[in-house]
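Scroll down for the structure; my scribbles are underneath it.
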Amino acid sequence: MTAFYDAVVVGGGPGGSTVATALARAGRSVLVLERERFPRFHVGESMLPFSLPILDRLGVHEKVRAAGFQKKYGAFFWNEDNGTTRPVVFAEARDPNHPMAYQVKRAEFDDLLLRHSVSSGAEVREETSVEDVLFEGGRAVGVRARRSGAAVPEEIRTKVVVDASGQGAFLSRKLGLRKFDPKLKRAALFAHYEGIRWPAGSQPGDILLPIDKGVWYWIIPFSDGTCSVGGVFDPDVVRFESGSGLEARYDATLARSARVLSLLEGARRVSKVHGISDYSANSSRVAGDGWVLVGDAAAFLDPVFSSGVFLAMATGERAAQAIDRALSRHGRVDGADFRRYTRQANRLWARFRRYVYAFYDPIFFEAFCTPQPPEAIRAAVVTTLAGGVERVSPAMWFWTELLFLGVTVDRTMRRLTGKPLPQPG
Ligand SMILES: Cc1cc2nc3c(=O)[nH]c(=O)nc-3n(C[C@H](O)[C@H](O)[C@H](O)COP(=O)(O)OP(=O)(O)OC[C@H]3O[C@@H](n4cnc5c(N)ncnc54)[C@H](O)[C@@H]3O)c2cc1C
């Protein structure tokens with residue numbers, strides 16, 4: 001007999017567990033199908049303050065607090081190309097009510113969120129891969145899933161399929177909706193370290209972001225004293241010896257920056273090296289009759305502003321609200337029920353995407369690292385980097401537009417006067 005649920009969620013990462021918890025708490029029957037057995041390693045370890053109210057609304061914040069994750073109060077950028085720095089202190093945002101976030105090992109964090117989905121009433125099946133989404137008359141009506149080692153798959157019927165499968169973007173690929181963002185073609189190499197001594201001038205717990213010769217690096221500290229260390233680069237620009245392995249490429253990436261080498265002095269790598277490329281993408285549609293995409297499965301921006309987990313949870317929460325409303329209204333979930341969700345999600349991605357594109361613009365980045373930026377502009381930028389992109393006040397809108405206008409004027413003046421663009425040193 002085929003089982004029947006209000007919602008089937010593909011993937012148990014932060015996007016999937018948020019949908020599952022929110023729907024289960026609303027009294028809906030939810031099944032999460034997760035390919036891996038948790039806890040499992042995942043990249044994406046630095047959170048944003050505006051994720052915390054979502055944790056509150058899901059009723060999981062107390063468990064997160066009790067887990068003792070590293071507290072994060074901001075970020076510290078080094079522009080090695082011109083010797084400037086930019087501390088970002090969340091407490092100095094326009095809205096000072098979101099002063100902190102967490103740095104999390106995703107194995108523990110995602111596991112905690114998924115267990116919370118179970119205690120909220122969702123059913124979770126791990127080591128179970130979704131092999132297909134079933135459509136009838138243009139409407140998603142279920143999935144075909146297989147438990148690891150099972151000879152035959154099982155068909156599971158549902159009123160809505162939520163694709164939260166992350167970079168795999170199961171449904172978006174199946175429907176031909178996934179488009180890579182050529183402006184954000186990047187690759188990343190990363191691993192965990194122990195023994196990094198915290199540099200003077202930056203708050204313990206902050207994410208450190210040195211930028212050097214076309215590569216940006218992250219150092220994310222964890223509460224157990226280890227750190228995540230990664231480098232992000234354009235693979236068409238940063239070249240490696242042909243045939244070199246992941247470890248050699250990682251070491252070569254780190255060795256490009258004297259700042260990074262000095263930060264790692266005396267430290268030791270304690271994990272294997274991981275790599276990922278071509279991850280920035282979006283979907284031309286995010287919902288239809290009986291289906292919706294959330295988190296990375298819908299869109300992923302470059303990770304420079306640590307927005308991925310926030311966006312996965314924020315879109316997950318909004319998708320769950322749309323589903324719950326639709327089920328209450330007419331007992332099914334149509335594409336039209338996701339109109340508001342689509343607008344909300346697109347706005348969230350667009351507000352971050354503008355900053356991500358700007359980060360790779362040398363003129364913007366030079367302005368970002370200006371030693372004494374106008375206070376109102378600095379506060380507007382910090383608010384966005386904290387994740388405050390949902391409700392934008394007229395004042396914040398004004399200062400943000402002024403910043404981007406200033407960058408446009410600078411670019412035009414450079415063109416007219418022949419002044420060169422800031423160059424990587
Ligand atoms: C280099 C890099 C650095 C990053 N750094 C940060 C950071 O510092 N901070 C931040 O917030 N974000 C960061 N991110 C982004 C972050 O990792 C993602 O945005 C976040 O994990 C998205 O959550 P999700 O739930 O959408 O997907 P995921 O967390 O990827 O979860 C998807 C889940 O779906 C499961 N799954 C996939 N296919 C199937 C299937 N067919 N059947 C069943 N299960 C399936 C997977 O096993 C996985 O557990 C980074 C990303 C990259 C690439």
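We label chains A, B, ... in the order they appear in the structure tokens, count residues from 1 in each chain, and number ligands from 1 in the order shown.
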Let me have all residues with an atom within 7 Å of ligand 1, counting only C-alpha atoms and all ligand atoms, laid out as a CSV table (one decimal) with N, CA and C atoms, in the first residue's frame.
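So the final result, stored in out_38.csv, reads:
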chain,number,residue,atom,x,y,z
A,10,VAL,N,12.2,16.4,0.3
A,10,VAL,CA,13.4,15.7,-0.2
A,10,VAL,C,14.6,16.4,0.3
A,11,GLY,N,15.3,15.8,1.3
A,11,GLY,CA,16.5,16.4,1.9
A,11,GLY,C,16.3,16.9,3.3
A,12,GLY,N,17.2,16.5,4.2
A,12,GLY,CA,17.0,16.9,5.6
A,12,GLY,C,18.0,17.9,6.1
A,13,GLY,N,18.6,18.8,5.2
A,13,GLY,CA,19.4,19.9,5.6
A,13,GLY,C,18.6,21.0,6.2
A,14,PRO,N,19.2,22.2,6.5
A,14,PRO,CA,18.4,23.2,7.1
A,14,PRO,C,17.2,23.7,6.4
A,15,GLY,N,17.2,23.6,5.1
A,15,GLY,CA,16.0,24.0,4.3
A,15,GLY,C,14.9,23.0,4.6
A,16,GLY,N,15.2,21.7,4.4
A,16,GLY,CA,14.2,20.6,4.6
A,16,GLY,C,13.7,20.5,6.0
A,33,LEU,N,12.7,12.7,3.5
A,33,LEU,CA,13.5,11.6,2.9
A,33,LEU,C,14.9,12.1,2.8
A,34,GLU,N,15.9,11.6,3.5
A,34,GLU,CA,17.3,12.1,3.4
A,34,GLU,C,18.2,10.9,3.0
A,35,ARG,N,19.0,11.2,2.0
A,35,ARG,CA,19.9,10.2,1.4
A,35,ARG,C,21.0,9.7,2.3
A,36,GLU,N,21.5,10.6,3.2
A,36,GLU,CA,22.6,10.3,4.1
A,36,GLU,C,22.1,9.8,5.4
A,42,HIS,N,29.1,18.7,6.2
A,42,HIS,CA,28.6,19.6,5.1
A,42,HIS,C,29.3,21.0,5.2
A,43,VAL,N,29.6,21.6,4.1
A,43,VAL,CA,30.2,22.9,4.1
A,43,VAL,C,29.1,23.9,4.4
A,44,GLY,N,29.5,25.1,4.9
A,44,GLY,CA,28.6,26.2,5.2
A,44,GLY,C,28.4,26.4,6.7
A,45,GLU,N,29.4,26.8,7.4
A,45,GLU,CA,29.5,26.7,8.8
A,45,GLU,C,29.3,28.0,9.6
A,46,SER,N,29.2,29.1,8.9
A,46,SER,CA,29.0,30.4,9.5
A,46,SER,C,27.6,30.9,9.3
A,47,MET,N,26.9,31.2,10.4
A,47,MET,CA,25.5,31.6,10.3
A,47,MET,C,25.4,33.2,10.4
A,48,LEU,N,24.2,33.6,10.1
A,48,LEU,CA,23.9,35.1,10.2
A,48,LEU,C,22.9,35.3,11.3
A,128,THR,N,17.7,7.2,2.6
A,128,THR,CA,16.6,6.9,1.7
A,128,THR,C,16.7,8.0,0.6
A,129,SER,N,17.0,7.6,-0.6
A,129,SER,CA,17.2,8.5,-1.7
A,129,SER,C,15.9,8.6,-2.5
A,130,VAL,N,15.5,9.9,-2.9
A,130,VAL,CA,14.4,10.1,-3.8
A,130,VAL,C,15.0,9.9,-5.2
A,131,GLU,N,14.4,8.9,-5.9
A,131,GLU,CA,14.9,8.6,-7.3
A,131,GLU,C,14.0,9.3,-8.4
A,164,ALA,N,14.2,20.1,-1.2
A,164,ALA,CA,15.2,20.7,-0.3
A,164,ALA,C,16.5,19.9,-0.5
A,165,SER,N,16.7,19.5,-1.7
A,165,SER,CA,17.9,18.6,-1.9
A,165,SER,C,19.2,19.3,-2.1
A,166,GLY,N,19.3,20.6,-1.8
A,166,GLY,CA,20.6,21.3,-1.8
A,166,GLY,C,21.1,21.4,-3.2
A,167,GLN,N,22.4,21.4,-3.3
A,167,GLN,CA,23.1,21.6,-4.6
A,167,GLN,C,22.7,20.6,-5.7
A,168,GLY,N,22.2,19.4,-5.2
A,168,GLY,CA,21.8,18.4,-6.1
A,168,GLY,C,20.6,18.9,-6.9
A,170,PHE,N,17.4,18.4,-7.2
A,170,PHE,CA,16.8,17.2,-7.8
A,170,PHE,C,15.7,17.6,-8.8
A,188,ALA,N,35.8,26.1,-4.7
A,188,ALA,CA,36.3,26.3,-3.3
A,188,ALA,C,36.9,25.0,-2.8
A,232,VAL,N,38.3,30.4,-2.0
A,232,VAL,CA,37.4,30.5,-3.1
A,232,VAL,C,38.0,31.3,-4.2
A,276,ILE,N,34.6,21.9,-4.1
A,276,ILE,CA,33.3,22.0,-4.8
A,276,ILE,C,33.5,23.1,-5.9
A,279,TYR,N,28.9,26.3,-8.2
A,279,TYR,CA,27.7,26.1,-7.3
A,279,TYR,C,26.7,27.2,-7.3
A,294,VAL,N,13.1,24.9,-2.2
A,294,VAL,CA,13.5,25.8,-1.1
A,294,VAL,C,15.1,25.6,-1.0
A,295,GLY,N,15.7,26.6,-0.4
A,295,GLY,CA,17.1,26.6,-0.1
A,295,GLY,C,17.9,26.5,-1.4
A,296,ASP,N,19.1,25.8,-1.3
A,296,ASP,CA,20.0,25.6,-2.4
A,296,ASP,C,19.3,25.0,-3.6
A,297,ALA,N,18.3,24.1,-3.4
A,297,ALA,CA,17.7,23.4,-4.5
A,297,ALA,C,17.0,24.4,-5.4
A,300,PHE,N,21.3,29.2,-5.3
A,300,PHE,CA,22.5,29.4,-4.4
A,300,PHE,C,23.4,30.5,-4.9
A,303,PRO,N,29.2,32.0,-1.6
A,303,PRO,CA,29.1,31.9,-0.1
A,303,PRO,C,29.8,33.1,0.6
A,306,SER,N,28.1,34.4,3.7
A,306,SER,CA,27.6,33.3,4.6
A,306,SER,C,26.0,33.4,4.7
A,307,SER,N,25.4,33.5,3.5
A,307,SER,CA,23.9,33.7,3.5
A,307,SER,C,23.2,32.4,3.3
A,308,GLY,N,23.9,31.3,2.9
A,308,GLY,CA,23.2,30.1,2.5
A,308,GLY,C,22.2,29.4,3.5
A,309,VAL,N,22.7,29.3,4.7
A,309,VAL,CA,21.8,28.6,5.7
A,309,VAL,C,20.6,29.5,6.0
A,310,PHE,N,20.9,30.8,6.2
A,310,PHE,CA,19.8,31.7,6.4
A,310,PHE,C,18.8,31.7,5.3
A,311,LEU,N,19.2,31.7,4.1
A,311,LEU,CA,18.3,31.7,2.9
A,311,LEU,C,17.5,30.4,2.9
A,312,ALA,N,18.2,29.3,3.2
A,312,ALA,CA,17.5,28.0,3.2
A,312,ALA,C,16.4,27.9,4.2
With only C-alpha atoms counted and 12 Å as the cut-off, give the residues of range 94-177 of chain A in contact with range 59-75 of chain A, each with its shortest interatomic distance in Å and the pair that gives it, as a tab-separated table.
residue	atom	partner	partner_atom	distance
A:Pro96	CA	A:Tyr73	CA	11.6
A:His98	CA	A:Tyr73	CA	9.4
A:Pro99	CA	A:Tyr73	CA	6.2
A:Met100	CA	A:Tyr73	CA	4.6
A:Ala101	CA	A:Lys72	CA	5.0
A:Tyr102	CA	A:Lys71	CA	4.6
A:Gln103	CA	A:Gln70	CA	5.2
A:Val104	CA	A:Phe69	CA	5.9
A:Lys105	CA	A:Phe69	CA	8.2
A:Arg106	CA	A:Phe69	CA	10.6
A:Glu108	CA	A:Ala67	CA	8.8
A:Phe109	CA	A:Val64	CA	7.7
A:Asp110	CA	A:Val64	CA	10.4
A:Asp111	CA	A:Val64	CA	10.9
A:Leu112	CA	A:Val64	CA	7.6
A:Leu113	CA	A:Val60	CA	7.3
A:Leu114	CA	A:Val60	CA	10.3
A:Arg115	CA	A:Val60	CA	9.9
A:His116	CA	A:Val60	CA	6.7
A:Ser117	CA	A:Val60	CA	9.2
A:Val118	CA	A:Val60	CA	11.7
A:Ser119	CA	A:Val60	CA	10.2
A:Ser120	CA	A:Gly59	CA	8.9
Mind writing the picked residues with N, CA and C atoms as an mmCIF file, in the first residue's frame?
data_model
loop_
_atom_site.group_PDB
_atom_site.id
_atom_site.type_symbol
_atom_site.label_atom_id
_atom_site.label_comp_id
_atom_site.auth_asym_id
_atom_site.auth_seq_id
_atom_site.Cartn_x
_atom_site.Cartn_y
_atom_site.Cartn_z
ATOM 1 N N PRO A 96 19.907 47.094 16.006
ATOM 2 C CA PRO A 96 20.924 46.463 16.863
ATOM 3 C C PRO A 96 20.404 45.242 17.629
ATOM 4 N N HIS A 98 19.985 42.296 16.612
ATOM 5 C CA HIS A 98 20.482 41.014 16.100
ATOM 6 C C HIS A 98 22.011 41.024 16.146
ATOM 7 N N PRO A 99 22.585 41.035 17.347
ATOM 8 C CA PRO A 99 24.033 41.258 17.453
ATOM 9 C C PRO A 99 24.889 40.012 17.248
ATOM 10 N N MET A 100 24.276 38.849 17.229
ATOM 11 C CA MET A 100 25.134 37.655 17.148
ATOM 12 C C MET A 100 24.509 36.506 16.365
ATOM 13 N N ALA A 101 25.394 35.580 15.972
ATOM 14 C CA ALA A 101 24.955 34.344 15.310
ATOM 15 C C ALA A 101 25.834 33.217 15.870
ATOM 16 N N TYR A 102 25.880 32.103 15.176
ATOM 17 C CA TYR A 102 26.721 30.983 15.624
ATOM 18 C C TYR A 102 27.608 30.520 14.483
ATOM 19 N N GLN A 103 28.767 29.965 14.868
ATOM 20 C CA GLN A 103 29.604 29.200 13.943
ATOM 21 C C GLN A 103 29.349 27.739 14.296
ATOM 22 N N VAL A 104 28.987 26.935 13.317
ATOM 23 C CA VAL A 104 28.530 25.568 13.641
ATOM 24 C C VAL A 104 29.221 24.528 12.770
ATOM 25 N N LYS A 105 29.594 23.427 13.385
ATOM 26 C CA LYS A 105 29.943 22.273 12.546
ATOM 27 C C LYS A 105 28.610 21.745 12.046
ATOM 28 N N ARG A 106 28.469 21.691 10.739
ATOM 29 C CA ARG A 106 27.156 21.378 10.176
ATOM 30 C C ARG A 106 26.712 19.967 10.503
ATOM 31 N N GLU A 108 26.825 18.503 13.335
ATOM 32 C CA GLU A 108 26.068 18.582 14.601
ATOM 33 C C GLU A 108 24.810 19.440 14.444
ATOM 34 N N PHE A 109 24.969 20.576 13.771
ATOM 35 C CA PHE A 109 23.851 21.536 13.671
ATOM 36 C C PHE A 109 22.686 20.938 12.874
ATOM 37 N N ASP A 110 22.996 20.367 11.709
ATOM 38 C CA ASP A 110 21.927 19.824 10.865
ATOM 39 C C ASP A 110 21.246 18.644 11.553
ATOM 40 N N ASP A 111 22.056 17.858 12.285
ATOM 41 C CA ASP A 111 21.494 16.722 13.002
ATOM 42 C C ASP A 111 20.519 17.210 14.076
ATOM 43 N N LEU A 112 20.937 18.256 14.781
ATOM 44 C CA LEU A 112 20.076 18.807 15.837
ATOM 45 C C LEU A 112 18.741 19.304 15.241
ATOM 46 N N LEU A 113 18.834 20.013 14.119
ATOM 47 C CA LEU A 113 17.592 20.526 13.496
ATOM 48 C C LEU A 113 16.691 19.383 13.030
ATOM 49 N N LEU A 114 17.331 18.325 12.476
ATOM 50 C CA LEU A 114 16.512 17.210 11.954
ATOM 51 C C LEU A 114 15.859 16.426 13.095
ATOM 52 N N ARG A 115 16.615 16.245 14.202
ATOM 53 C CA ARG A 115 16.010 15.559 15.376
ATOM 54 C C ARG A 115 14.846 16.390 15.903
ATOM 55 N N HIS A 116 14.994 17.705 15.819
ATOM 56 C CA HIS A 116 13.914 18.572 16.289
ATOM 57 C C HIS A 116 12.670 18.408 15.397
ATOM 58 N N SER A 117 12.889 18.201 14.107
ATOM 59 C CA SER A 117 11.739 17.943 13.224
ATOM 60 C C SER A 117 10.992 16.702 13.710
ATOM 61 N N VAL A 118 11.776 15.676 14.093
ATOM 62 C CA VAL A 118 11.142 14.431 14.577
ATOM 63 C C VAL A 118 10.357 14.718 15.858
ATOM 64 N N SER A 119 10.985 15.447 16.798
ATOM 65 C CA SER A 119 10.253 15.672 18.054
ATOM 66 C C SER A 119 9.080 16.631 17.850
ATOM 67 N N SER A 120 9.071 17.344 16.723
ATOM 68 C CA SER A 120 7.920 18.214 16.421
ATOM 69 C C SER A 120 6.790 17.434 15.741
#
- Using only C-alpha atoms, find the one residue out of A:Gly138, A:Gly121, A:Pro49, A:Gly195 that sits nearest to Gly27 in chain A. A:Gly121
- Give me every alpha helix (DSSP H) residue in range 7-115 of chain A, going by DSSP on the backbone, as a ChimeraX atom specification. /A:14-25,52-58,61-66,106-115
Residues from the last selection, N, CA and C atoms, saved as an mmCIF file, in the first residue's frame:
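Listing of part_38.cif after writing:
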data_model
loop_
_atom_site.group_PDB
_atom_site.id
_atom_site.type_symbol
_atom_site.label_atom_id
_atom_site.label_comp_id
_atom_site.auth_asym_id
_atom_site.auth_seq_id
_atom_site.Cartn_x
_atom_site.Cartn_y
_atom_site.Cartn_z
ATOM 1 N N PRO A 14 19.192 22.168 6.451
ATOM 2 C CA PRO A 14 18.448 23.236 7.149
ATOM 3 C C PRO A 14 17.166 23.657 6.428
ATOM 4 N N GLY A 15 17.171 23.649 5.090
ATOM 5 C CA GLY A 15 15.956 24.013 4.349
ATOM 6 C C GLY A 15 14.867 22.981 4.596
ATOM 7 N N GLY A 16 15.203 21.695 4.426
ATOM 8 C CA GLY A 16 14.217 20.614 4.572
ATOM 9 C C GLY A 16 13.712 20.498 6.000
ATOM 10 N N SER A 17 14.623 20.582 6.986
ATOM 11 C CA SER A 17 14.165 20.414 8.373
ATOM 12 C C SER A 17 13.306 21.601 8.796
ATOM 13 N N THR A 18 13.593 22.795 8.247
ATOM 14 C CA THR A 18 12.753 23.959 8.590
ATOM 15 C C THR A 18 11.328 23.748 8.079
ATOM 16 N N VAL A 19 11.191 23.317 6.824
ATOM 17 C CA VAL A 19 9.844 23.065 6.278
ATOM 18 C C VAL A 19 9.144 22.005 7.123
ATOM 19 N N ALA A 20 9.883 20.922 7.420
ATOM 20 C CA ALA A 20 9.269 19.792 8.130
ATOM 21 C C ALA A 20 8.808 20.209 9.523
ATOM 22 N N THR A 21 9.662 20.927 10.246
ATOM 23 C CA THR A 21 9.286 21.334 11.601
ATOM 24 C C THR A 21 8.094 22.281 11.566
ATOM 25 N N ALA A 22 8.157 23.278 10.662
ATOM 26 C CA ALA A 22 7.074 24.267 10.617
ATOM 27 C C ALA A 22 5.746 23.587 10.270
ATOM 28 N N LEU A 23 5.757 22.658 9.320
ATOM 29 C CA LEU A 23 4.503 21.997 8.932
ATOM 30 C C LEU A 23 4.019 21.050 10.031
ATOM 31 N N ALA A 24 4.962 20.318 10.636
ATOM 32 C CA ALA A 24 4.560 19.393 11.701
ATOM 33 C C ALA A 24 3.953 20.166 12.869
ATOM 34 N N ARG A 25 4.550 21.320 13.191
ATOM 35 C CA ARG A 25 4.011 22.135 14.292
ATOM 36 C C ARG A 25 2.639 22.707 13.943
ATOM 37 N N LEU A 52 18.494 33.555 13.709
ATOM 38 C CA LEU A 52 18.116 33.213 15.082
ATOM 39 C C LEU A 52 16.614 33.371 15.362
ATOM 40 N N PRO A 53 15.966 34.425 14.851
ATOM 41 C CA PRO A 53 14.510 34.493 15.048
ATOM 42 C C PRO A 53 13.778 33.306 14.404
ATOM 43 N N ILE A 54 14.364 32.760 13.326
ATOM 44 C CA ILE A 54 13.724 31.577 12.706
ATOM 45 C C ILE A 54 13.867 30.390 13.671
ATOM 46 N N LEU A 55 15.050 30.258 14.272
ATOM 47 C CA LEU A 55 15.234 29.173 15.251
ATOM 48 C C LEU A 55 14.221 29.317 16.389
ATOM 49 N N ASP A 56 13.984 30.569 16.796
ATOM 50 C CA ASP A 56 12.980 30.818 17.852
ATOM 51 C C ASP A 56 11.612 30.323 17.403
ATOM 52 N N ARG A 57 11.227 30.727 16.186
ATOM 53 C CA ARG A 57 9.872 30.383 15.716
ATOM 54 C C ARG A 57 9.709 28.874 15.525
ATOM 55 N N LEU A 58 10.826 28.185 15.239
ATOM 56 C CA LEU A 58 10.751 26.723 15.080
ATOM 57 C C LEU A 58 10.777 26.014 16.441
ATOM 58 N N HIS A 61 15.566 27.023 19.286
ATOM 59 C CA HIS A 61 16.692 27.883 19.674
ATOM 60 C C HIS A 61 17.320 27.433 20.989
ATOM 61 N N GLU A 62 16.485 27.014 21.936
ATOM 62 C CA GLU A 62 17.019 26.596 23.240
ATOM 63 C C GLU A 62 17.976 25.405 23.070
ATOM 64 N N LYS A 63 17.620 24.476 22.174
ATOM 65 C CA LYS A 63 18.491 23.311 21.930
ATOM 66 C C LYS A 63 19.799 23.765 21.289
ATOM 67 N N VAL A 64 19.716 24.744 20.395
ATOM 68 C CA VAL A 64 20.931 25.258 19.731
ATOM 69 C C VAL A 64 21.819 25.939 20.771
ATOM 70 N N ARG A 65 21.189 26.757 21.633
ATOM 71 C CA ARG A 65 21.965 27.424 22.697
ATOM 72 C C ARG A 65 22.658 26.390 23.568
ATOM 73 N N ALA A 66 21.891 25.353 23.959
ATOM 74 C CA ALA A 66 22.431 24.340 24.875
ATOM 75 C C ALA A 66 23.566 23.550 24.238
ATOM 76 N N ARG A 106 28.469 21.691 10.739
ATOM 77 C CA ARG A 106 27.156 21.378 10.176
ATOM 78 C C ARG A 106 26.712 19.967 10.503
ATOM 79 N N ALA A 107 27.669 19.056 10.720
ATOM 80 C CA ALA A 107 27.264 17.694 11.087
ATOM 81 C C ALA A 107 26.377 17.762 12.324
ATOM 82 N N GLU A 108 26.825 18.503 13.335
ATOM 83 C CA GLU A 108 26.068 18.582 14.601
ATOM 84 C C GLU A 108 24.810 19.440 14.444
ATOM 85 N N PHE A 109 24.969 20.576 13.771
ATOM 86 C CA PHE A 109 23.851 21.536 13.671
ATOM 87 C C PHE A 109 22.686 20.938 12.874
ATOM 88 N N ASP A 110 22.996 20.367 11.709
ATOM 89 C CA ASP A 110 21.927 19.824 10.865
ATOM 90 C C ASP A 110 21.246 18.644 11.553
ATOM 91 N N ASP A 111 22.056 17.858 12.285
ATOM 92 C CA ASP A 111 21.494 16.722 13.002
ATOM 93 C C ASP A 111 20.519 17.210 14.076
ATOM 94 N N LEU A 112 20.937 18.256 14.781
ATOM 95 C CA LEU A 112 20.076 18.807 15.837
ATOM 96 C C LEU A 112 18.741 19.304 15.241
ATOM 97 N N LEU A 113 18.834 20.013 14.119
ATOM 98 C CA LEU A 113 17.592 20.526 13.496
ATOM 99 C C LEU A 113 16.691 19.383 13.030
ATOM 100 N N LEU A 114 17.331 18.325 12.476
ATOM 101 C CA LEU A 114 16.512 17.210 11.954
ATOM 102 C C LEU A 114 15.859 16.426 13.095
ATOM 103 N N ARG A 115 16.615 16.245 14.202
ATOM 104 C CA ARG A 115 16.010 15.559 15.376
ATOM 105 C C ARG A 115 14.846 16.390 15.903
#
- Message: Need to verify the contact set: Lys183 in chain A, 10 Å, only C-alpha atoms, exclusion of same-chain residues closer than 4 positions in sequence. Can you return it as a PyMOL selection string?
- Response: chain A and resi 280+302+357+360
- Task: Tell me which protein, DNA and RNA residues are within 12 Å of Asp181 in chain A, counting only C-alpha atoms, leaving out same-chain ones fewer than 4 positions away, and put them as a list in words.
- Result: Lys185, Arg186, Ser277, Asp278, Tyr279, Ser280, Ala281, Asn282, Ser283, Ser284, Ala299, Phe300, Leu301, Asp302, Arg353, Val356 and Tyr357 of chain A
Writing out the chosen residues with N, CA and C atoms as a PDB file, in the first residue's frame:
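Produced file selection-v2.pdb, reproduced below:
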ATOM      1  N   LYS A 185      31.072  32.172 -11.388  1.00  0.00           N
ATOM      2  CA  LYS A 185      31.752  30.887 -11.612  1.00  0.00           C
ATOM      3  C   LYS A 185      32.951  30.801 -10.672  1.00  0.00           C
ATOM      4  N   ARG A 186      32.867  29.972  -9.671  1.00  0.00           N
ATOM      5  CA  ARG A 186      33.922  29.872  -8.667  1.00  0.00           C
ATOM      6  C   ARG A 186      34.088  28.416  -8.235  1.00  0.00           C
ATOM      7  N   SER A 277      32.739  22.990  -6.983  1.00  0.00           N
ATOM      8  CA  SER A 277      32.833  24.065  -7.983  1.00  0.00           C
ATOM      9  C   SER A 277      31.475  24.291  -8.632  1.00  0.00           C
ATOM     10  N   ASP A 278      31.369  25.410  -9.362  1.00  0.00           N
ATOM     11  CA  ASP A 278      30.150  25.729 -10.119  1.00  0.00           C
ATOM     12  C   ASP A 278      28.891  25.593  -9.283  1.00  0.00           C
ATOM     13  N   TYR A 279      28.873  26.272  -8.152  1.00  0.00           N
ATOM     14  CA  TYR A 279      27.745  26.063  -7.254  1.00  0.00           C
ATOM     15  C   TYR A 279      26.703  27.173  -7.304  1.00  0.00           C
ATOM     16  N   SER A 280      27.025  28.311  -7.938  1.00  0.00           N
ATOM     17  CA  SER A 280      26.050  29.411  -7.918  1.00  0.00           C
ATOM     18  C   SER A 280      25.051  29.239  -9.062  1.00  0.00           C
ATOM     19  N   ALA A 281      23.792  29.083  -8.697  1.00  0.00           N
ATOM     20  CA  ALA A 281      22.770  28.771  -9.705  1.00  0.00           C
ATOM     21  C   ALA A 281      21.420  29.254  -9.215  1.00  0.00           C
ATOM     22  N   ASN A 282      20.483  29.369 -10.123  1.00  0.00           N
ATOM     23  CA  ASN A 282      19.111  29.615  -9.677  1.00  0.00           C
ATOM     24  C   ASN A 282      18.136  28.879 -10.593  1.00  0.00           C
ATOM     25  N   SER A 283      16.863  28.984 -10.268  1.00  0.00           N
ATOM     26  CA  SER A 283      15.844  28.233 -11.012  1.00  0.00           C
ATOM     27  C   SER A 283      14.874  29.217 -11.651  1.00  0.00           C
ATOM     28  N   SER A 284      14.519  28.966 -12.891  1.00  0.00           N
ATOM     29  CA  SER A 284      13.639  29.914 -13.586  1.00  0.00           C
ATOM     30  C   SER A 284      12.225  29.903 -12.993  1.00  0.00           C
ATOM     31  N   ALA A 299      17.976  28.077  -5.328  1.00  0.00           N
ATOM     32  CA  ALA A 299      19.006  29.037  -5.761  1.00  0.00           C
ATOM     33  C   ALA A 299      20.155  29.014  -4.781  1.00  0.00           C
ATOM     34  N   PHE A 300      21.349  29.193  -5.296  1.00  0.00           N
ATOM     35  CA  PHE A 300      22.490  29.361  -4.393  1.00  0.00           C
ATOM     36  C   PHE A 300      23.388  30.468  -4.898  1.00  0.00           C
ATOM     37  N   LEU A 301      23.696  31.383  -3.972  1.00  0.00           N
ATOM     38  CA  LEU A 301      24.599  32.487  -4.283  1.00  0.00           C
ATOM     39  C   LEU A 301      25.989  32.115  -3.796  1.00  0.00           C
ATOM     40  N   ASP A 302      26.966  32.763  -4.326  1.00  0.00           N
ATOM     41  CA  ASP A 302      28.323  32.624  -3.825  1.00  0.00           C
ATOM     42  C   ASP A 302      28.322  32.741  -2.288  1.00  0.00           C
ATOM     43  N   ARG A 353      22.109  38.921  -3.706  1.00  0.00           N
ATOM     44  CA  ARG A 353      22.847  38.781  -4.969  1.00  0.00           C
ATOM     45  C   ARG A 353      23.500  40.108  -5.361  1.00  0.00           C
ATOM     46  N   VAL A 356      26.629  40.352  -3.469  1.00  0.00           N
ATOM     47  CA  VAL A 356      27.616  39.343  -3.887  1.00  0.00           C
ATOM     48  C   VAL A 356      28.275  39.786  -5.194  1.00  0.00           C
ATOM     49  N   TYR A 357      27.482  40.236  -6.165  1.00  0.00           N
ATOM     50  CA  TYR A 357      28.072  40.755  -7.404  1.00  0.00           C
ATOM     51  C   TYR A 357      29.010  41.920  -7.079  1.00  0.00           C
TER      52      TYR A 357
END
- Query: Nearest to Trp78 in chain A: which of A:Met396, A:Ala248, A:Leu209, A:Ile377 is it, counting only C-alpha atoms?
  - Reply: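 Under the stated criterion, the closest residue is A:Leu209.
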- Message: Under the rule that only C-alpha atoms are counted, which of A:Leu327, A:Val89, A:Leu246, A:Val407 is the nearest residue to Ala358 in chain A?
- Response: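 Smallest distance to Ala358 in chain A is found for A:Val407.
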- Per-residue DSSP, range 184-279 of chain A, filtered to strand (DSSP E), as an MDAnalysis selection string: chainID A and resid 187:194 207:212 215:221 226:233 268:269 274:277
- Task: Determine, counting only C-alpha atoms, which protein, DNA and RNA residues have an atom within 6 Å of an atom of Ile211 in chain A; residues of the same chain fewer than 3 positions away are not included. Present the result as an NGL selection string.
- Result: :A and (78-80 or 215-216)
- Message: List the spatial neighbours of Tyr250 in chain A as a list of chain:residue names - criterion: any atom at most 12 Å away, only C-alpha atoms, same-chain residues fewer than 5 positions off excluded.
- Response: A:Ala187, A:Ala188, A:Leu189, A:Phe190, A:Ala191, A:His192, A:Val215, A:Tyr217, A:Val229, A:Gly230, A:Gly231, A:Val232, A:Phe233, A:Val238, A:Arg239, A:Phe240, A:Glu241, A:Ser244, A:Gly245, A:Ala255, A:Arg256, A:Arg269, A:Lys272, A:Val273, A:His274, A:Gly275, A:Ile276
